[in-house]
Structures are given as structure tokens and as C-alpha cells.
$ cat entry_5.txt   # compact mmCIF, C-alpha atoms
# COMPACT_ATOMS: atom_id res chain seq x y z
CA MET A 721 11.05 3.75 24.79
CA LYS A 722 8.27 3.54 22.22
CA ARG A 723 9.07 3.29 18.54
CA LYS A 724 7.67 6.26 16.59
CA ILE A 725 6.04 5.32 13.28
CA ALA A 726 4.37 7.92 11.07
CA VAL A 727 1.77 7.20 8.41
CA ILE A 728 1.77 9.78 5.61
CA GLY A 729 -1.59 9.98 3.86
CA LEU A 730 -4.78 9.03 5.73
CA GLY A 731 -7.00 7.68 2.97
CA SER A 732 -8.08 4.05 2.71
CA THR A 733 -4.82 2.22 3.45
CA GLY A 734 -3.28 5.02 5.51
CA SER A 735 -6.19 5.26 7.93
CA MET A 736 -6.13 1.48 8.34
CA ALA A 737 -2.35 1.42 8.90
CA LEU A 738 -2.70 4.09 11.57
CA TRP A 739 -5.47 2.07 13.23
CA HIS A 740 -3.25 -1.05 13.25
CA LEU A 741 -0.26 0.81 14.69
CA SER A 742 -2.38 2.50 17.35
CA ARG A 743 -3.35 -0.95 18.66
CA THR A 744 0.27 -2.14 18.80
CA PRO A 745 2.05 -2.09 22.18
CA GLY A 746 5.35 -0.22 22.11
CA VAL A 747 4.43 1.95 19.11
CA GLU A 748 3.71 5.67 19.09
CA ALA A 749 1.58 6.19 15.98
CA ILE A 750 1.49 9.52 14.14
CA GLY A 751 -0.80 10.24 11.20
CA VAL A 752 -0.01 13.04 8.74
CA GLU A 753 -2.48 14.20 6.07
CA GLN A 754 -2.00 16.96 3.50
CA PHE A 755 -5.73 17.76 3.25
CA GLY A 756 -8.57 17.63 5.77
CA LEU A 757 -9.54 14.31 7.32
CA GLY A 758 -11.99 12.39 5.13
CA HIS A 759 -11.37 14.70 2.16
CA GLY A 760 -12.87 13.99 -1.26
CA TYR A 761 -9.70 13.83 -3.40
CA GLY A 762 -8.75 10.21 -2.76
CA ALA A 763 -9.55 7.00 -4.61
CA TYR A 764 -11.93 5.64 -1.98
CA THR A 765 -14.86 8.07 -1.98
CA GLY A 766 -18.15 7.45 -3.76
CA GLU A 767 -20.84 6.02 -1.43
CA SER A 768 -19.97 2.32 -1.71
CA ARG A 769 -17.25 -0.14 -2.64
CA LEU A 770 -17.67 -3.83 -3.37
CA PHE A 771 -16.34 -6.50 -1.05
CA ARG A 772 -16.07 -9.97 -2.54
CA MET A 773 -14.42 -13.24 -1.63
CA ALA A 774 -15.00 -14.98 -4.98
CA TYR A 775 -12.24 -13.27 -6.92
CA HIS A 776 -11.83 -13.30 -10.70
CA GLU A 777 -8.41 -11.66 -10.30
CA GLY A 778 -7.15 -14.98 -8.94
CA ALA A 779 -7.39 -17.30 -5.94
CA THR A 780 -4.06 -16.10 -4.50
CA PHE A 781 -5.85 -13.05 -3.05
CA VAL A 782 -8.47 -15.06 -1.15
CA PRO A 783 -6.43 -15.49 2.09
CA LEU A 784 -5.89 -11.71 2.16
CA LEU A 785 -9.59 -11.18 1.52
CA ARG A 786 -10.46 -13.48 4.42
CA ARG A 787 -8.22 -11.45 6.71
CA ALA A 788 -9.64 -8.19 5.34
CA ARG A 789 -13.18 -9.37 6.07
CA GLU A 790 -12.22 -10.17 9.67
CA LEU A 791 -10.72 -6.72 10.05
CA TRP A 792 -13.73 -4.95 8.51
CA LEU A 793 -15.96 -6.66 11.05
CA GLN A 794 -13.56 -5.75 13.88
CA LEU A 795 -13.49 -2.10 12.86
CA GLY A 796 -17.27 -2.03 12.52
CA ALA A 797 -17.71 -3.51 15.99
CA ALA A 798 -15.20 -1.09 17.53
CA SER A 799 -16.83 1.93 15.91
CA GLY A 800 -20.42 0.81 16.47
CA ARG A 801 -21.15 1.20 12.74
CA GLN A 802 -22.10 -1.24 10.02
CA LEU A 803 -19.29 -0.80 7.52
CA LEU A 804 -19.81 -4.05 5.59
CA HIS A 805 -23.32 -4.77 4.29
CA ASN A 806 -23.65 -8.43 3.42
CA PHE A 807 -25.78 -8.01 0.27
CA GLY A 808 -23.85 -10.71 -1.62
CA VAL A 809 -22.16 -10.21 -5.00
CA ILE A 810 -23.33 -11.78 -8.25
CA SER A 811 -20.69 -12.14 -10.96
CA THR A 812 -21.86 -12.95 -14.49
CA GLY A 813 -20.17 -13.80 -17.75
CA ARG A 814 -19.46 -16.59 -20.19
CA GLU A 815 -18.33 -19.71 -18.33
CA SER A 816 -15.76 -20.43 -21.04
CA GLU A 817 -13.89 -17.15 -20.53
CA GLU A 818 -10.83 -16.97 -18.30
CA PRO A 819 -12.09 -14.41 -15.74
CA PHE A 820 -15.10 -16.65 -15.03
CA GLN A 821 -12.85 -19.71 -14.78
CA ARG A 822 -10.59 -17.90 -12.28
CA LEU A 823 -13.70 -17.03 -10.30
CA LEU A 824 -14.72 -20.69 -10.18
CA ARG A 825 -11.23 -21.76 -9.16
CA SER A 826 -11.24 -19.29 -6.27
CA VAL A 827 -14.55 -20.60 -4.86
CA ASP A 828 -13.57 -24.24 -5.37
CA GLU A 829 -10.04 -24.01 -3.97
CA TYR A 830 -11.16 -22.25 -0.79
CA GLU A 831 -14.64 -23.78 -0.53
CA LEU A 832 -16.26 -20.36 -0.39
CA PRO A 833 -19.98 -20.14 0.35
CA HIS A 834 -21.62 -19.48 -3.02
CA GLU A 835 -24.39 -20.39 -5.44
CA ARG A 836 -24.01 -21.30 -9.11
CA LEU A 837 -26.82 -19.78 -11.19
CA SER A 838 -27.91 -20.79 -14.68
CA VAL A 839 -29.12 -18.19 -17.16
CA THR A 840 -32.72 -19.17 -16.36
CA GLU A 841 -32.10 -18.57 -12.66
CA LEU A 842 -30.44 -15.23 -13.42
CA ARG A 843 -33.46 -14.09 -15.41
CA ASN A 844 -35.90 -15.19 -12.74
CA ARG A 845 -34.05 -13.64 -9.81
CA TYR A 846 -32.78 -10.43 -11.43
CA PRO A 847 -35.25 -9.24 -14.08
CA GLY A 848 -33.61 -5.80 -14.17
CA MET A 849 -30.56 -7.39 -15.81
CA ASP A 850 -30.32 -8.68 -19.36
CA SER A 851 -28.85 -12.20 -19.41
CA ARG A 852 -27.79 -13.96 -22.58
CA ASP A 853 -28.22 -17.67 -23.21
CA ASP A 854 -24.46 -18.32 -22.93
CA GLU A 855 -24.06 -16.52 -19.59
CA ALA A 856 -24.04 -17.87 -16.06
CA GLY A 857 -23.53 -16.47 -12.59
CA VAL A 858 -21.78 -17.07 -9.29
CA LEU A 859 -23.36 -15.53 -6.18
CA ASP A 860 -20.71 -14.82 -3.54
CA LEU A 861 -22.60 -15.17 -0.26
CA GLN A 862 -19.86 -13.46 1.80
CA GLY A 863 -19.67 -10.44 -0.49
CA GLY A 864 -21.41 -7.12 -0.21
CA ALA A 865 -20.90 -3.37 -0.04
CA LEU A 866 -18.54 -1.32 2.10
CA ARG A 867 -19.19 2.26 3.17
CA PRO A 868 -15.80 3.79 2.28
CA GLU A 869 -16.03 7.31 3.69
CA LEU A 870 -17.49 6.01 6.94
CA ALA A 871 -14.80 3.31 7.11
CA VAL A 872 -11.94 5.79 6.74
CA LEU A 873 -13.48 8.11 9.33
CA SER A 874 -13.99 5.15 11.70
CA ALA A 875 -10.37 4.00 11.38
CA ILE A 876 -9.09 7.52 12.09
CA GLU A 877 -11.44 7.90 15.07
CA GLN A 878 -10.38 4.57 16.53
CA ALA A 879 -6.70 5.38 16.04
CA ARG A 880 -7.17 8.68 17.86
CA ARG A 881 -9.02 6.96 20.71
CA ASN A 882 -6.12 4.52 20.97
CA GLY A 883 -3.72 7.42 21.44
CA ALA A 884 -2.49 8.17 17.91
CA LEU A 885 -1.41 11.75 17.17
CA ILE A 886 -3.07 13.05 14.00
CA ARG A 887 -1.92 16.11 12.04
CA ASP A 888 -4.05 17.26 9.12
CA HIS A 889 -3.58 20.06 6.58
CA MET A 890 0.15 19.30 6.63
CA GLN A 891 1.76 19.84 3.22
CA ILE A 892 4.58 17.28 3.15
CA THR A 893 7.55 18.56 1.16
CA SER A 894 10.03 15.74 1.76
CA ILE A 895 10.90 12.63 3.73
CA ARG A 896 14.55 11.93 4.45
CA ASP A 897 15.88 8.59 5.66
CA THR A 898 18.88 9.33 7.89
CA GLY A 899 19.74 5.67 8.40
CA SER A 900 18.80 5.81 12.06
CA GLY A 901 15.35 7.30 11.44
CA VAL A 902 13.30 9.47 9.14
CA ILE A 903 12.76 13.24 9.02
CA VAL A 904 9.38 14.33 7.65
CA SER A 905 9.29 17.96 6.52
CA ALA A 906 5.84 19.56 6.47
CA ASN A 907 4.50 23.10 6.84
CA GLY A 908 7.98 24.39 7.66
CA GLU A 909 8.57 22.00 10.54
CA GLU A 910 10.40 18.70 10.88
CA ILE A 911 8.92 15.58 12.46
CA ALA A 912 11.48 12.98 13.55
CA VAL A 913 10.33 9.35 13.64
CA ASP A 914 11.87 5.89 13.51
CA GLN A 915 9.95 4.68 10.43
CA VAL A 916 7.34 5.99 8.04
CA ILE A 917 4.65 4.31 5.97
CA VAL A 918 3.86 6.26 2.80
CA THR A 919 0.26 5.73 1.66
CA THR A 920 -0.30 8.84 -0.45
CA GLY A 921 -2.01 7.23 -3.46
CA ALA A 922 -1.95 9.44 -6.53
CA TRP A 923 0.68 11.63 -4.83
CA SER A 924 3.08 8.73 -4.10
CA ALA A 925 5.71 9.59 -6.70
CA GLU A 926 5.99 13.14 -5.35
CA LEU A 927 7.54 11.76 -2.15
CA ILE A 928 9.15 8.59 -3.56
CA PRO A 929 10.62 9.52 -6.98
CA GLN A 930 11.66 5.92 -7.79
CA LEU A 931 7.97 5.07 -8.03
CA ARG A 932 7.42 7.43 -10.95
CA ASP A 933 7.98 4.82 -13.70
CA LEU A 934 6.12 2.11 -11.79
CA LEU A 935 2.81 3.93 -11.41
CA GLU A 936 0.20 5.42 -13.69
CA VAL A 937 -2.52 7.68 -12.31
CA ARG A 938 -5.95 7.01 -13.83
CA LYS A 939 -9.42 8.38 -13.38
CA LEU A 940 -11.95 6.24 -11.57
CA VAL A 941 -15.39 7.42 -12.67
CA LEU A 942 -18.41 6.26 -10.69
CA THR A 943 -21.85 6.59 -12.26
CA TRP A 944 -25.41 6.25 -10.97
CA PHE A 945 -28.58 5.49 -12.93
CA LEU A 946 -32.26 5.95 -12.17
CA ALA A 947 -34.17 2.68 -11.98
CA THR A 948 -37.32 2.49 -14.10
CA ARG A 949 -38.50 -0.38 -11.89
CA PRO A 950 -36.96 0.58 -8.52
CA VAL A 951 -38.23 -2.47 -6.62
CA GLU A 952 -36.02 -4.76 -8.76
CA PHE A 953 -32.89 -2.99 -7.50
CA LEU A 954 -33.55 -2.78 -3.78
CA PRO A 955 -30.94 -4.59 -1.62
CA GLU A 956 -33.42 -7.27 -0.59
CA ARG A 957 -33.95 -8.14 -4.27
CA MET A 958 -30.61 -7.33 -5.89
CA PRO A 959 -27.09 -8.03 -4.59
CA CYS A 960 -23.98 -6.14 -5.59
CA PHE A 961 -22.78 -7.21 -9.01
CA ILE A 962 -19.91 -7.58 -11.47
CA ARG A 963 -20.72 -8.09 -15.14
CA ASP A 964 -18.45 -8.89 -18.08
CA ARG A 965 -19.70 -8.99 -21.65
CA ASP A 966 -17.80 -8.61 -24.93
CA GLY A 967 -14.88 -6.90 -23.19
CA PHE A 968 -17.15 -4.48 -21.31
CA HIS A 969 -16.73 -4.67 -17.53
CA VAL A 970 -18.99 -2.98 -14.98
CA PHE A 971 -19.63 -3.33 -11.27
CA GLY A 972 -22.06 -1.80 -8.87
CA ALA A 973 -24.38 -1.91 -5.90
CA PRO A 974 -28.14 -2.05 -5.45
CA SER A 975 -30.20 1.03 -4.65
CA VAL A 976 -28.91 1.93 -1.20
CA ASP A 977 -30.39 5.43 -1.48
CA GLY A 978 -33.83 4.19 -2.56
CA TYR A 979 -33.91 5.65 -6.03
CA SER A 980 -30.64 5.22 -7.98
CA VAL A 981 -28.35 2.31 -8.84
CA LYS A 982 -24.57 2.56 -8.89
CA ILE A 983 -23.18 0.98 -12.09
CA ALA A 984 -19.62 1.95 -12.97
CA GLY A 985 -16.73 0.88 -15.17
CA LEU A 986 -12.99 1.30 -14.65
CA ASP A 987 -10.02 1.87 -16.98
CA LEU A 988 -12.16 3.83 -19.46
CA TRP A 989 -11.61 7.49 -18.75
CA GLY A 990 -7.90 8.34 -19.03
CA GLY A 991 -5.73 10.24 -16.58
CA PRO A 992 -5.75 13.56 -14.71
CA SER A 993 -5.78 16.85 -16.60
CA ALA A 994 -3.35 18.64 -14.25
CA PRO A 995 -0.03 17.73 -12.59
CA ARG A 996 -1.77 17.41 -9.22
CA VAL A 997 -5.05 15.54 -9.16
CA GLU A 998 -6.74 17.99 -6.79
CA ASP A 999 -6.37 20.64 -9.50
CA SER A 1000 -7.80 18.48 -12.29
CA ASP A 1001 -11.00 19.25 -14.19
CA LEU A 1002 -13.73 16.94 -12.90
CA ARG A 1003 -15.94 17.35 -15.97
CA LEU A 1004 -16.33 14.50 -18.48
CA ASP A 1005 -17.08 14.47 -22.18
CA ARG A 1006 -20.89 14.41 -22.49
CA GLN A 1007 -20.91 12.06 -25.46
CA GLU A 1008 -18.63 9.58 -23.69
CA VAL A 1009 -20.88 9.61 -20.64
CA SER A 1010 -23.98 9.02 -22.78
CA GLU A 1011 -22.28 6.22 -24.74
CA PHE A 1012 -21.25 4.53 -21.50
CA GLY A 1013 -24.86 4.80 -20.32
CA ARG A 1014 -26.11 3.19 -23.53
CA ARG A 1015 -23.82 0.20 -23.01
CA VAL A 1016 -24.90 -0.08 -19.39
CA HIS A 1017 -28.54 -0.05 -20.48
CA ASP A 1018 -27.85 -3.08 -22.72
CA LEU A 1019 -26.81 -4.99 -19.58
CA PHE A 1020 -29.43 -3.45 -17.29
CA PRO A 1021 -32.62 -2.59 -19.20
CA GLY A 1022 -34.26 -1.83 -15.85
CA VAL A 1023 -32.38 1.49 -15.56
CA SER A 1024 -32.55 4.67 -17.58
CA PRO A 1025 -29.75 4.80 -20.20
CA GLU A 1026 -28.42 8.21 -19.14
CA PRO A 1027 -26.42 8.48 -15.88
CA ASN A 1028 -28.16 10.87 -13.52
CA ARG A 1029 -24.90 11.71 -11.72
CA TYR A 1030 -21.21 10.81 -11.62
CA SER A 1031 -18.13 11.42 -9.52
CA VAL A 1032 -14.44 11.44 -10.49
CA HIS A 1033 -11.64 9.93 -8.40
CA TYR A 1034 -8.03 8.91 -9.02
CA ASP A 1035 -6.02 5.79 -8.29
CA THR A 1036 -2.52 4.53 -9.05
CA TYR A 1037 -2.08 1.53 -11.33
CA THR A 1038 0.90 -0.80 -11.66
CA SER A 1039 1.80 -2.75 -14.79
CA ASN A 1040 0.42 -6.03 -13.42
CA LYS A 1041 -2.24 -4.52 -11.11
CA ASN A 1042 -0.54 -5.96 -8.02
CA PRO A 1043 0.08 -3.42 -5.25
CA ILE A 1044 3.49 -2.19 -4.20
CA ILE A 1045 4.04 -2.97 -0.53
CA ASP A 1046 7.72 -2.89 0.35
CA ARG A 1047 10.30 -1.49 2.71
CA VAL A 1048 13.39 0.49 1.68
CA GLY A 1049 15.48 1.35 4.70
CA ASN A 1050 13.18 3.01 7.21
CA VAL A 1051 10.51 3.83 4.61
CA VAL A 1052 7.60 1.49 3.82
CA VAL A 1053 5.68 2.18 0.62
CA LEU A 1054 2.07 1.07 0.06
CA THR A 1055 0.58 2.14 -3.27
CA GLY A 1056 -0.65 0.87 -6.65
CA GLY A 1057 -4.16 -0.17 -5.66
CA SER A 1058 -5.06 -0.46 -9.36
CA GLY A 1059 -8.76 0.09 -8.83
CA HIS A 1060 -9.39 -2.87 -6.52
CA ALA A 1061 -7.60 -2.10 -3.26
CA PHE A 1062 -10.29 -0.70 -0.99
CA LYS A 1063 -11.80 -4.05 -0.06
CA LEU A 1064 -8.29 -5.25 0.82
CA SER A 1065 -7.12 -2.05 2.50
CA PRO A 1066 -7.14 -3.25 6.15
CA ALA A 1067 -5.17 -6.38 5.17
CA TYR A 1068 -2.74 -4.44 2.97
CA ALA A 1069 -2.27 -1.95 5.80
CA GLU A 1070 -1.54 -4.76 8.24
CA LEU A 1071 1.21 -5.99 5.90
CA ALA A 1072 2.70 -2.48 5.78
CA ALA A 1073 2.54 -2.15 9.56
CA SER A 1074 4.36 -5.47 9.92
CA LEU A 1075 7.09 -4.32 7.52
CA ALA A 1076 7.52 -1.08 9.47
CA ARG A 1077 8.04 -3.09 12.64
CA GLY A 1078 10.48 -5.47 10.95
CA LEU A 1079 8.13 -8.46 11.26
CA ASP A 1080 7.25 -11.22 8.81
CA ASN A 1081 3.63 -11.74 7.81
CA PRO A 1082 2.58 -15.07 6.28
CA LEU A 1083 0.14 -13.28 3.95
CA TYR A 1084 2.88 -11.17 2.35
CA SER A 1085 3.69 -12.02 -1.26
CA ASP A 1086 6.95 -11.34 -3.08
CA SER A 1087 4.79 -10.13 -5.96
CA PHE A 1088 4.17 -6.99 -3.87
CA SER A 1089 7.86 -6.05 -3.73
CA LEU A 1090 9.34 -3.16 -5.68
CA ALA A 1091 11.65 -5.57 -7.52
CA SER A 1092 8.71 -7.54 -8.90
CA HIS A 1093 7.20 -4.52 -10.68
CA GLU A 1094 8.07 -3.38 -14.17
CA PRO A 1095 7.66 0.16 -15.47
CA VAL A 1096 4.13 0.94 -16.55
CA GLY A 1097 3.94 0.34 -20.28
CA VAL A 1098 6.20 -2.73 -20.17
CA GLY A 1099 3.58 -4.95 -18.55
CA MET A 1100 -0.18 -4.93 -18.98
CA ARG A 1101 -1.86 -1.53 -19.06
CA SER A 1102 -5.48 -2.64 -19.23

$ encode --input "entry_5.txt" --output "C-alpha cells"
Amino acid sequence: MKRKIAVIGLGSTGSMALWHLSRTPGVEAIGVEQFGLGHGYGAYTGESRLFRMAYHEGATFVPLLRRARELWLQLGAASGRQLLHNFGVISTGRESEEPFQRLLRSVDEYELPHERLSVTELRNRYPGMDSRDDEAGVLDLQGGALRPELAVLSAIEQARRNGALIRDHMQITSIRDTGSGVIVSANGEEIAVDQVIVTTGAWSAELIPQLRDLLEVRKLVLTWFLATRPVEFLPERMPCFIRDRDGFHVFGAPSVDGYSVKIAGLDLWGGPSAPRVEDSDLRLDRQEVSEFGRRVHDLFPGVSPEPNRYSVHYDTYTSNKNPIIDRVGNVVVLTGGSGHAFKLSPAYAELAASLARGLDNPLYSDSFSLASHEPVGVGMRS
């Protein structure tokens, strides 16, 4: 008899978990989504997401990133779509600062393909950026841009082709671990399964109350700028980028639409304005948007200082920005992406699928366990 495993929430990690389970012999995979498939309320939407191997968050993530890259390529091949565009990623900052040093340690420890660029080389290659005399760069040659909406749709499509049952527009009211299985209540019906994986992002604490103190929901605001010299920001001239200067952190992608450049910053915009994120006001303070654009223009004088459009998304943050991936009884929880999970989502999802099946995974870290997380506000909040 097949083991029934349900995935609740089919965004970035949920769609990938369902794809993994659908490829697993002896598993009947069921996907349950409260909105429509590929909806716009999750943390992953917004045209592009960076993928990078050179990681200023620390070298411990590099093995997971390697596995994620393999899986992105597998999913792209299976779907017949290019999900990962190998534009490269240039990271810039002061060499003496700790994020840049962590970046260097990650490329050195794992011998990642990269180029070290002096400030003169930065100025010559990327004239649309302003580069100070004390700045340097690392070009991650395996980095690039992911197409997030297309990736989620592709994972769901592949899971369905592999035999997964998918239920959308199912308002989940509760999950109950009976000890021998789990009962999922949704739309007035009960779905009985052996295990569940909960990947509901900003809605995680609604189903798993013990997560409430461990997560903070924050806005992720993505912004786009018009290029005054568009040729300098085309993908063949400009890679994806991460820039740190005087405590100001931005990331972005070249002009994939031919006229605008995505340059965004995280952890700047606060939290949702309503108890449920789908009911929140998506407007931003005009002065704050213009001030953000002014600071971006200091780093990128080749773009207009006023964003020409923006989009608002929501993600869950933990105190140390490590994800929560853990099993309690027959329930596996995967949440706390902290603004940098999409690139890792197929690898994170593989860890969750292993936990649901009671298997060890050599890439799992104890730092992902529930016990390793402190309430938000006790640890770092920035």
C-alpha cells in the first residue's frame, strides 16, 4: 500500500516538495492550496529571483546550493523551459567588511568558479554602476536569475504528470495529528493521509500555532527602474548583482524585459497591514519609495532615480534567518525563508520530503530544527 503524503501550500517550497514526492516510488502525493495555482499572494512572485553559489550568508549553505542548482536544471529539462538563466552574479562591497569576507570564504572553501574584480575593472565592465575606490567585486560564474512563477507552475505540472492529486481553492481550517496519521480539514471535508508537509509561508502560524513566536511576517518590496542608458543593463553586458554600501543592501537583475532594471532592497518596509496578508494594503508611502530610489541612484547612476513600478510580497523571517525544517509527529514544517529561500527551495523541499518519509539526508542541518530557533525579537531581527 502506498504511503499518502499531503503538501499544504503550493508556493515555492510546496510545489517543489510535491514534485519530489510525485517522483518517489511508494508515495501517493496530494497537493492542497488555499488559493488558485500560481497565485500572486506568495513570497516568490516578481519576475525574477537571484541564484548564487558565492554566498555572503556563509559557506555552510554552499552544499545545499549545489544540490539546488542540480534540481533547478532537472526541473527545467523535465518541463522543457529555461528556469535558470546563467547571467552570473556580481557582488560588490568593501573587502574589509564581514559579508564580503564570508563571500570570499565560500568561493575559496568550495573552489567555486568566479572572478575577482578590482574597482578599476568594475568601472570598466559596468559603467551603469557607481564604484568607490575602496570597493571590489566577486563575479559568481554559476549564478544567475530564476523565473519564479514559471518554476512553481513547472513543478506543479510535473507533479501532476507524475500522478499527484492537486486540490486548489481549498481553505484549510485545521490539521490534526491522530498519532497514526493526519486529518486535514478543508472546505467542509476531511482528507486522511499518513503525513503532511506544511509549506504555507506567511500563513504558517495559522495551522501550526507553536510557530507564532518563532516567525515574523515582513513585506518584500520589489522595485524596477528605467535605464537612462539601456544598453549598459542588458543581460549580455550586466549580470545579476548584489551591492552593499554603508549599511544599504540591494540586489537585482539586468533588463530582462528590454527597458527596466530590477533593483530591490529587503527588510526595509515593515509588516502586513491586516491579519491576513491577502487582505493587506499593497500601497507604499510615496516619500519612502522616492527616498529608496534616490539611494539606489547613488549606486546606479545609469537608472532614473524614481522607481517606475513596484510589487509587494510577504515572507516569514526567523530570528537568525535560518529556515525551520523539522518534523513533529506526522507533521513536517518548512517555513522561515527569511527573504532568501527561493533559490534553495528545491533543496529545502527535498529535505522536507525526506523527513516526511522518515529518512536521513546528509544535507540536513540541526540549525533548521525547531529547537534551534529562538522567538523573534530574542535573536537578530535585521

$ closest_residue --input "entry_5.txt" --among "A:Gln862, A:Asn882, A:Ser1000, A:Ser1039" --to "Arg786 (chain A)" --atoms "only C-alpha atoms"
A:Gln862

$ atom_distance --input "entry_5.txt" --atom1 "CA of Arg723 (chain A)" --atom2 "CA of Val1048 (chain A)"
17.6 Å

$ closest_residue --input "entry_5.txt" --among "A:Ala737, A:Leu873, A:Leu935, A:Val1052" --to "Asp897 (chain A)" --atoms "all atoms listed in the file"
A:Val1052

$ residues_around --input "entry_5.txt" --residues "Asn1050 (chain A)" --least-positions-apart "3" --cutoff "8 Å" --atoms "only C-alpha atoms" --output "list in words"
Asp897, Gly899, Ser900, Gly901, Val902, Asp914, Gln915, Val916, Arg1047 and Ala1076 of chain A

$ residues_around --input "entry_5.txt" --residues "region 788-798 of chain A" --least-positions-apart "3" --cutoff "9 Å" --atoms "all atoms listed in the file" --output "list in words"
Phe771, Met773, Pro783, Leu784, Leu785, Arg801, Gln802, Leu803, Leu804, Gln862, Leu866, Ala871, Ser874, Ala875, Gln878, Lys1063, Leu1064, Ser1065, Pro1066, Ala1067 and Tyr1068 of chain A

$ closest_atom_pairs --input "entry_5.txt" --of "region 795-865 of chain A" --to "region 756-769 of chain A" --cutoff "12 Å" --atoms "all atoms listed in the file" --output "Markdown table"
| residue | atom | partner | partner_atom | distance |
| --- | --- | --- | --- | --- |
| A:Leu803 | CA | A:Ser768 | CA | 9.8 |
| A:Leu804 | CA | A:Arg769 | CA | 9.5 |
| A:His805 | CA | A:Ser768 | CA | 9.9 |
| A:Phe807 | CA | A:Arg769 | CA | 12.0 |
| A:Val809 | CA | A:Arg769 | CA | 11.4 |
| A:Gly863 | CA | A:Arg769 | CA | 10.8 |
| A:Gly864 | CA | A:Arg769 | CA | 8.5 |
| A:Ala865 | CA | A:Arg769 | CA | 5.5 |

$ closest_residue --input "entry_5.txt" --among "A:Asp860, A:Leu1083, A:Leu842, A:Arg1077" --to "Lys722 (chain A)" --atoms "only C-alpha atoms"
A:Arg1077

$ axis_aligned_box --input "entry_5.txt" --around "region 758-769 of chain A" --padding-each-side "3 Å" --output "lines of an AutoDock Vina configuration file"
center_x = -14.8
center_y = 7.3
center_z = 0.3
size_x = 18.1
size_y = 20.8
size_z = 15.7

$ closest_residue --input "entry_5.txt" --among "A:Ser1074, A:Ser838, A:Gln1007, A:Ser924" --to "Glu936 (chain A)" --atoms "all atoms listed in the file"
A:Ser924

$ atom_distance --input "entry_5.txt" --atom1 "CA of Leu946 (chain A)" --atom2 "CA of Glu1026 (chain A)"
8.3 Å

$ closest_residue --input "entry_5.txt" --among "A:Thr1055, A:Ile911, A:Gly848, A:Glu777" --to "Arg896 (chain A)" --atoms "all atoms listed in the file"
A:Ile911

$ atom_distance --input "entry_5.txt" --atom1 "CA of Asp1035 (chain A)" --atom2 "CA of Asn907 (chain A)"
25.3 Å

$ residues_around --input "entry_5.txt" --residues "region 1084-1087 of chain A" --least-positions-apart "4" --cutoff "9 Å" --atoms "all atoms listed in the file" --output "compact mmCIF listing (two decimals) with C-alpha atoms, in the frame of the given file"
# COMPACT_ATOMS: atom_id res chain seq x y z
CA LEU A 784 -5.89 -11.71 2.16
CA ASN A 1042 -0.54 -5.96 -8.02
CA PRO A 1043 0.08 -3.42 -5.25
CA ILE A 1044 3.49 -2.19 -4.20
CA ILE A 1045 4.04 -2.97 -0.53
CA TYR A 1068 -2.74 -4.44 2.97
CA LEU A 1071 1.21 -5.99 5.90
CA ASP A 1080 7.25 -11.22 8.81
CA ALA A 1091 11.65 -5.57 -7.52
CA SER A 1092 8.71 -7.54 -8.90
CA HIS A 1093 7.20 -4.52 -10.68

$ build_atoms --input "entry_5.txt" --residues "region 949-954 of chain A" --atoms "all heavy atoms" --output "PDB file, in the coordinates of the input"
ATOM      1  N   ARG A 949     -37.725   0.510 -12.748  1.00  0.00           N
ATOM      2  CA  ARG A 949     -38.500  -0.380 -11.890  1.00  0.00           C
ATOM      3  C   ARG A 949     -37.724  -0.514 -10.569  1.00  0.00           C
ATOM      4  O   ARG A 949     -37.008  -1.504 -10.350  1.00  0.00           O
ATOM      5  CB  ARG A 949     -38.702  -1.736 -12.559  1.00  0.00           C
ATOM      6  CG  ARG A 949     -39.468  -1.655 -13.879  1.00  0.00           C
ATOM      7  CD  ARG A 949     -39.769  -3.032 -14.464  1.00  0.00           C
ATOM      8  NE  ARG A 949     -38.584  -3.742 -14.905  1.00  0.00           N
ATOM      9  CZ  ARG A 949     -38.060  -3.613 -16.132  1.00  0.00           C
ATOM     10  NH1 ARG A 949     -38.630  -2.807 -17.009  1.00  0.00           N
ATOM     11  NH2 ARG A 949     -36.986  -4.312 -16.484  1.00  0.00           N
ATOM     12  N   PRO A 950     -37.830   0.502  -9.710  1.00  0.00           N
ATOM     13  CA  PRO A 950     -36.960   0.580  -8.520  1.00  0.00           C
ATOM     14  C   PRO A 950     -36.988  -0.658  -7.646  1.00  0.00           C
ATOM     15  O   PRO A 950     -35.960  -1.030  -7.057  1.00  0.00           O
ATOM     16  CB  PRO A 950     -37.486   1.810  -7.782  1.00  0.00           C
ATOM     17  CG  PRO A 950     -38.141   2.639  -8.833  1.00  0.00           C
ATOM     18  CD  PRO A 950     -38.733   1.668  -9.794  1.00  0.00           C
ATOM     19  N   VAL A 951     -38.141  -1.333  -7.526  1.00  0.00           N
ATOM     20  CA  VAL A 951     -38.230  -2.470  -6.620  1.00  0.00           C
ATOM     21  C   VAL A 951     -37.257  -3.577  -7.013  1.00  0.00           C
ATOM     22  O   VAL A 951     -36.794  -4.346  -6.154  1.00  0.00           O
ATOM     23  CB  VAL A 951     -39.682  -3.002  -6.573  1.00  0.00           C
ATOM     24  CG1 VAL A 951     -40.086  -3.633  -7.894  1.00  0.00           C
ATOM     25  CG2 VAL A 951     -39.861  -3.988  -5.425  1.00  0.00           C
ATOM     26  N   GLU A 952     -36.925  -3.696  -8.303  1.00  0.00           N
ATOM     27  CA  GLU A 952     -36.020  -4.760  -8.760  1.00  0.00           C
ATOM     28  C   GLU A 952     -34.578  -4.527  -8.321  1.00  0.00           C
ATOM     29  O   GLU A 952     -33.755  -5.447  -8.404  1.00  0.00           O
ATOM     30  CB  GLU A 952     -36.087  -4.871 -10.284  1.00  0.00           C
ATOM     31  CG  GLU A 952     -37.453  -5.326 -10.794  1.00  0.00           C
ATOM     32  CD  GLU A 952     -37.526  -5.351 -12.307  1.00  0.00           C
ATOM     33  OE1 GLU A 952     -36.532  -4.975 -12.963  1.00  0.00           O
ATOM     34  OE2 GLU A 952     -38.581  -5.744 -12.840  1.00  0.00           O
ATOM     35  N   PHE A 953     -34.265  -3.321  -7.852  1.00  0.00           N
ATOM     36  CA  PHE A 953     -32.890  -2.990  -7.500  1.00  0.00           C
ATOM     37  C   PHE A 953     -32.707  -2.683  -6.020  1.00  0.00           C
ATOM     38  O   PHE A 953     -31.650  -2.204  -5.621  1.00  0.00           O
ATOM     39  CB  PHE A 953     -32.406  -1.810  -8.350  1.00  0.00           C
ATOM     40  CG  PHE A 953     -32.256  -2.148  -9.807  1.00  0.00           C
ATOM     41  CD1 PHE A 953     -33.295  -1.922 -10.701  1.00  0.00           C
ATOM     42  CD2 PHE A 953     -31.090  -2.720 -10.283  1.00  0.00           C
ATOM     43  CE1 PHE A 953     -33.171  -2.233 -12.039  1.00  0.00           C
ATOM     44  CE2 PHE A 953     -30.954  -3.046 -11.622  1.00  0.00           C
ATOM     45  CZ  PHE A 953     -31.987  -2.811 -12.512  1.00  0.00           C
ATOM     46  N   LEU A 954     -33.707  -2.953  -5.216  1.00  0.00           N
ATOM     47  CA  LEU A 954     -33.550  -2.780  -3.780  1.00  0.00           C
ATOM     48  C   LEU A 954     -32.636  -3.869  -3.221  1.00  0.00           C
ATOM     49  O   LEU A 954     -32.588  -4.982  -3.762  1.00  0.00           O
ATOM     50  CB  LEU A 954     -34.916  -2.840  -3.094  1.00  0.00           C
ATOM     51  CG  LEU A 954     -35.888  -1.701  -3.436  1.00  0.00           C
ATOM     52  CD1 LEU A 954     -37.230  -1.927  -2.754  1.00  0.00           C
ATOM     53  CD2 LEU A 954     -35.299  -0.348  -3.051  1.00  0.00           C
TER      54      LEU A 954
END
